[in-house]
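The structure appears right after this line, and notes come after that.
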Amino acid sequence: MNFKKQLKEGLLTQNPVLVQQLGMCSTMAITTSLSNGLGMGVSVTIILALSNIFISLLRKIIPDKIRIAAYVVVIAGFVTMVDLLLQAYLQDIAESLGVFIPLIVVNCIILARAEAFASKNRVLPSAVDGICQGLGYTLVLVVMSVIREFLGSGTFGSGVLNGGEGIRIFPESYGAQMLVLPVGGFLTLGVLIAVVQWMQDRSARKGGK
């Protein structure tokens with residue numbers, strides 16, 4: 001197990017959103033405030049890690065012909081647990097994220113890691129993979145949330161800081177309110193993907209010299 005390699009892949013070189021381009025619907029839909037980004041990111045990270053561990057434990061038992069169905073059942077169990085915990089202890093976040101928490105069941109990121117990694121590796125590497133990929137996903141959500149919230153609404157830390165109201169940086173009327181709309185999610189994500197692709201291309205060119 002190479003922790004540094006797995007962490008680098010999760011955060012940058014194989015980032016589930018910016019490189020593999022998975023789970024983009026929820027990424028663009030809920031990244032309008034920092035609380036949404038953190039809530040969704042942490043939820044997915046927990047479910048990824050637990051699902052990877054459980055699927056790794058059962059990888060030699062699950063019949064090949066029903067493996068995808070089995071993965072979905074495992075993931076659905078952990079999603080239900082997280083959803084119920086959010087509703088019990090973090091009701092505001094649960095209401096804000098709405099249907100996107102139950103939809104984690106069919107999130108391509110979790111299914112992809114189950115199929116590509118957890119089903120082929122031992123428990124500890126699978127757990128680390130889930131955590132690293134979840135951190136990469138969370139990082140993208142937080143960055144997008146901060147950008148869209150700041151430029152679109154003029155605040156920082158909505159739902160987290162200053163009693164949930166966030167810190168007002170400039171009047172909301174001065175913001176590019178388009179960024180808090182769905183089209184703002186497309187634009188922000190597109191820019192981030194372009195930046196990461198540029199960084200990787202530049203790194204590859206330096207490595208080739």
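Each chain of the structure tokens is named A, B, ... in the order shown, its residues numbered from 1; ligands are numbered from 1 in display order.
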Checklist entry - In range 29-168 of chain A, what's strand (DSSP E or B) per DSSP? Answer as a PyMOL selection string? => result chain A and resi 155-156+167-168
Show me, as a Markdown table, the residues of range 37-110 of chain A having an atom within 7 Å of range 124-142 of chain A, each with the closest atom pair and its distance in Å, using only C-alpha atoms.
| residue | atom | partner | partner_atom | distance |
| --- | --- | --- | --- | --- |
| A:Gly37 | CA | A:Leu141 | CA | 4.9 |
| A:Leu38 | CA | A:Val142 | CA | 6.2 |
| A:Gly41 | CA | A:Thr138 | CA | 4.1 |
| A:Val42 | CA | A:Thr138 | CA | 6.7 |
| A:Val44 | CA | A:Gly134 | CA | 6.3 |
| A:Thr45 | CA | A:Gly134 | CA | 4.0 |
| A:Leu48 | CA | A:Gly130 | CA | 4.9 |
| A:Ala49 | CA | A:Gly130 | CA | 4.2 |
| A:Asn52 | CA | A:Ser126 | CA | 5.4 |
| A:Ile53 | CA | A:Ala127 | CA | 5.4 |
| A:Ser56 | CA | A:Ser126 | CA | 6.7 |
Could the residues in this selection be written to a file with C-alpha atoms, as a short mmCIF file (atom, residue, chain, number, x, y, z; two decimals), in the first residue's frame?
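Saved as part_21.cif:
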data_model
loop_
_atom_site.label_atom_id
_atom_site.label_comp_id
_atom_site.auth_asym_id
_atom_site.auth_seq_id
_atom_site.Cartn_x
_atom_site.Cartn_y
_atom_site.Cartn_z
CA GLY A 37 -20.23 21.33 0.12
CA LEU A 38 -18.88 20.11 3.46
CA GLY A 41 -18.37 15.79 0.86
CA VAL A 42 -18.11 14.32 4.35
CA VAL A 44 -19.73 10.70 0.54
CA THR A 45 -16.31 10.17 2.16
CA LEU A 48 -17.01 5.51 0.33
CA ALA A 49 -14.71 4.31 3.09
CA ASN A 52 -14.96 -0.10 0.29
CA ILE A 53 -14.18 -1.88 3.57
CA SER A 56 -13.33 -5.77 0.24
#
Please provide the set of residues having any atom within 6 Å of range 97-110 of chain A, restricted to only C-alpha atoms, with same-chain residues fewer than 6 positions apart removed, written as a JSON list (two decimals) with all heavy atoms, in the first residue's frame.
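Now in result.json:
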[["chain", "number", "residue", "atom", "x", "y", "z"],
["A", 22, "LEU", "N", -16.72, 12.05, -12.55],
["A", 22, "LEU", "CA", -17.83, 11.27, -12.01],
["A", 22, "LEU", "C", -18.57, 12.11, -10.96],
["A", 22, "LEU", "O", -18.00, 13.00, -10.34],
["A", 22, "LEU", "CB", -17.31, 9.99, -11.35],
["A", 22, "LEU", "CG", -16.53, 9.02, -12.24],
["A", 22, "LEU", "CD1", -15.94, 7.90, -11.40],
["A", 22, "LEU", "CD2", -17.42, 8.46, -13.34],
["A", 23, "GLY", "N", -19.83, 11.81, -10.75],
["A", 23, "GLY", "CA", -20.60, 12.49, -9.71],
["A", 23, "GLY", "C", -20.77, 13.97, -9.94],
["A", 23, "GLY", "O", -20.92, 14.74, -8.99],
["A", 48, "LEU", "N", -18.06, 6.12, 1.17],
["A", 48, "LEU", "CA", -17.01, 5.51, 0.33],
["A", 48, "LEU", "C", -16.11, 4.59, 1.15],
["A", 48, "LEU", "O", -15.85, 3.45, 0.75],
["A", 48, "LEU", "CB", -16.16, 6.62, -0.31],
["A", 48, "LEU", "CG", -16.33, 6.88, -1.80],
["A", 48, "LEU", "CD1", -15.54, 8.11, -2.22],
["A", 48, "LEU", "CD2", -15.88, 5.67, -2.61],
["A", 75, "ILE", "N", -23.95, -0.31, -0.50],
["A", 75, "ILE", "CA", -23.90, 1.16, -0.50],
["A", 75, "ILE", "C", -25.21, 1.74, 0.04],
["A", 75, "ILE", "O", -25.21, 2.70, 0.82],
["A", 75, "ILE", "CB", -23.62, 1.67, -1.92],
["A", 75, "ILE", "CG1", -22.23, 1.24, -2.36],
["A", 75, "ILE", "CG2", -23.74, 3.19, -1.99],
["A", 75, "ILE", "CD1", -21.96, 1.41, -3.86],
["A", 76, "ALA", "N", -26.34, 1.15, -0.37],
["A", 76, "ALA", "CA", -27.64, 1.65, 0.07],
["A", 76, "ALA", "C", -27.78, 1.56, 1.59],
["A", 76, "ALA", "O", -28.37, 2.45, 2.24],
["A", 76, "ALA", "CB", -28.76, 0.85, -0.59]]
Could you list, as a tab-separated table (two decimals) with C-alpha atoms, in the first residue's frame, every residue within 10 Å of Gln21 in chain A, counting only C-alpha atoms and ignoring same-chain residues fewer than 4 positions away?
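Below you can see around-v4.tsv, which holds the result:
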chain	number	residue	atom	x	y	z
A	14	GLN	CA	-7.21	10.74	-10.42
A	15	ASN	CA	-9.58	13.19	-8.75
A	16	PRO	CA	-13.07	11.65	-9.07
A	17	VAL	CA	-14.65	14.88	-10.33
A	108	CYS	CA	-20.81	6.74	-9.94
A	109	ILE	CA	-17.83	7.56	-7.71
A	193	ILE	CA	-11.32	21.01	-14.84
Write out as a Markdown table a residue-level contact list of range 14-87 of chain A versus range 171-189 of chain A with cut-off 7 Å: for each qualifying residue the closest pair of atoms and the distance in Å to one decimal, counting only C-alpha atoms, rows sorted by chain and residue number upward.
| residue | atom | partner | partner_atom | distance |
| --- | --- | --- | --- | --- |
| A:Met28 | CA | A:Gly185 | CA | 4.5 |
| A:Ala29 | CA | A:Pro182 | CA | 6.5 |
| A:Thr32 | CA | A:Val180 | CA | 5.7 |
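Interatomic distance, CA of Lys60 in chain A to CA of Met81 in chain A: 25.1 Å.
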Any chance you could tabulate, as CSV, the residues of range 3-117 of chain A at most 8 Å from range 143-166 of chain A with each one's nearest atom pair and distance in Å to one decimal, using only C-alpha atoms, in chain and rising number order?
residue,atom,partner,partner_atom,distance
A:Thr31,CA,A:Ser145,CA,4.4
A:Thr32,CA,A:Ser145,CA,5.2
A:Ser33,CA,A:Ser145,CA,5.1
A:Leu34,CA,A:Gly157,CA,5.2
A:Ser35,CA,A:Gly159,CA,4.9
A:Asn36,CA,A:Ser145,CA,7.7
A:Gly37,CA,A:Ser145,CA,5.9
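For the pair CA of Leu7 in chain A and CA of Arg113 in chain A, the separation is 14.2 Å.
Distance-wise, CA of Asn2 in chain A and CA of Asn121 in chain A end up 12.8 Å apart.
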Item to check | DSSP alpha helix (DSSP H) selection over range 3-91 of chain A, as a PyMOL selection string | outcome: chain A and resi 3-8+24-30+34-57+67-89+91
What does the file look like for those residues with C-alpha atoms, as a compact mmCIF listing (two decimals), in the first residue's frame?
# COMPACT_ATOMS: atom_id res chain seq x y z
CA PHE A 3 -0.50 6.04 0.99
CA LYS A 4 1.18 9.03 -0.68
CA LYS A 5 0.34 7.70 -4.14
CA GLN A 6 -3.29 7.03 -3.21
CA LEU A 7 -3.62 10.48 -1.63
CA LYS A 8 -2.11 12.17 -4.70
CA MET A 24 -20.85 15.83 -11.48
CA CYS A 25 -24.63 16.24 -11.14
CA SER A 26 -24.56 16.52 -7.36
CA THR A 27 -21.34 18.50 -7.57
CA MET A 28 -22.95 21.24 -9.63
CA ALA A 29 -26.32 21.12 -7.88
CA ILE A 30 -25.40 21.54 -4.21
CA LEU A 34 -19.95 25.99 2.24
CA SER A 35 -22.26 23.98 4.50
CA ASN A 36 -23.68 22.11 1.50
CA GLY A 37 -20.23 21.33 0.12
CA LEU A 38 -18.88 20.11 3.46
CA GLY A 39 -22.03 18.16 4.29
CA MET A 40 -22.12 16.33 0.97
CA GLY A 41 -18.37 15.79 0.86
CA VAL A 42 -18.11 14.32 4.35
CA SER A 43 -21.17 12.13 3.76
CA VAL A 44 -19.73 10.70 0.54
CA THR A 45 -16.31 10.17 2.16
CA ILE A 46 -17.81 8.19 5.04
CA ILE A 47 -19.94 6.09 2.71
CA LEU A 48 -17.01 5.51 0.33
CA ALA A 49 -14.71 4.31 3.09
CA LEU A 50 -17.29 2.05 4.74
CA SER A 51 -18.52 0.60 1.44
CA ASN A 52 -14.96 -0.10 0.29
CA ILE A 53 -14.18 -1.88 3.57
CA PHE A 54 -17.30 -4.02 3.47
CA ILE A 55 -16.99 -4.89 -0.22
CA SER A 56 -13.33 -5.77 0.24
CA LEU A 57 -14.25 -8.12 3.08
CA ARG A 67 -21.59 -8.19 -7.93
CA ILE A 68 -23.06 -4.82 -9.08
CA ALA A 69 -26.39 -5.56 -7.39
CA ALA A 70 -24.53 -6.60 -4.24
CA TYR A 71 -22.49 -3.39 -4.29
CA VAL A 72 -25.67 -1.33 -4.57
CA VAL A 73 -27.22 -3.14 -1.58
CA VAL A 74 -24.10 -2.51 0.52
CA ILE A 75 -23.90 1.16 -0.50
CA ALA A 76 -27.64 1.65 0.07
CA GLY A 77 -27.29 0.38 3.63
CA PHE A 78 -24.60 2.91 4.50
CA VAL A 79 -26.42 5.72 2.67
CA THR A 80 -29.53 5.02 4.75
CA MET A 81 -27.48 5.18 7.96
CA VAL A 82 -25.87 8.50 7.00
CA ASP A 83 -29.21 9.93 5.85
CA LEU A 84 -30.89 9.04 9.14
CA LEU A 85 -28.00 10.48 11.17
CA LEU A 86 -28.17 13.75 9.23
CA GLN A 87 -31.92 13.98 9.76
CA ALA A 88 -31.48 13.30 13.47
CA TYR A 89 -28.54 15.59 14.26
CA GLN A 91 -31.53 18.70 10.08
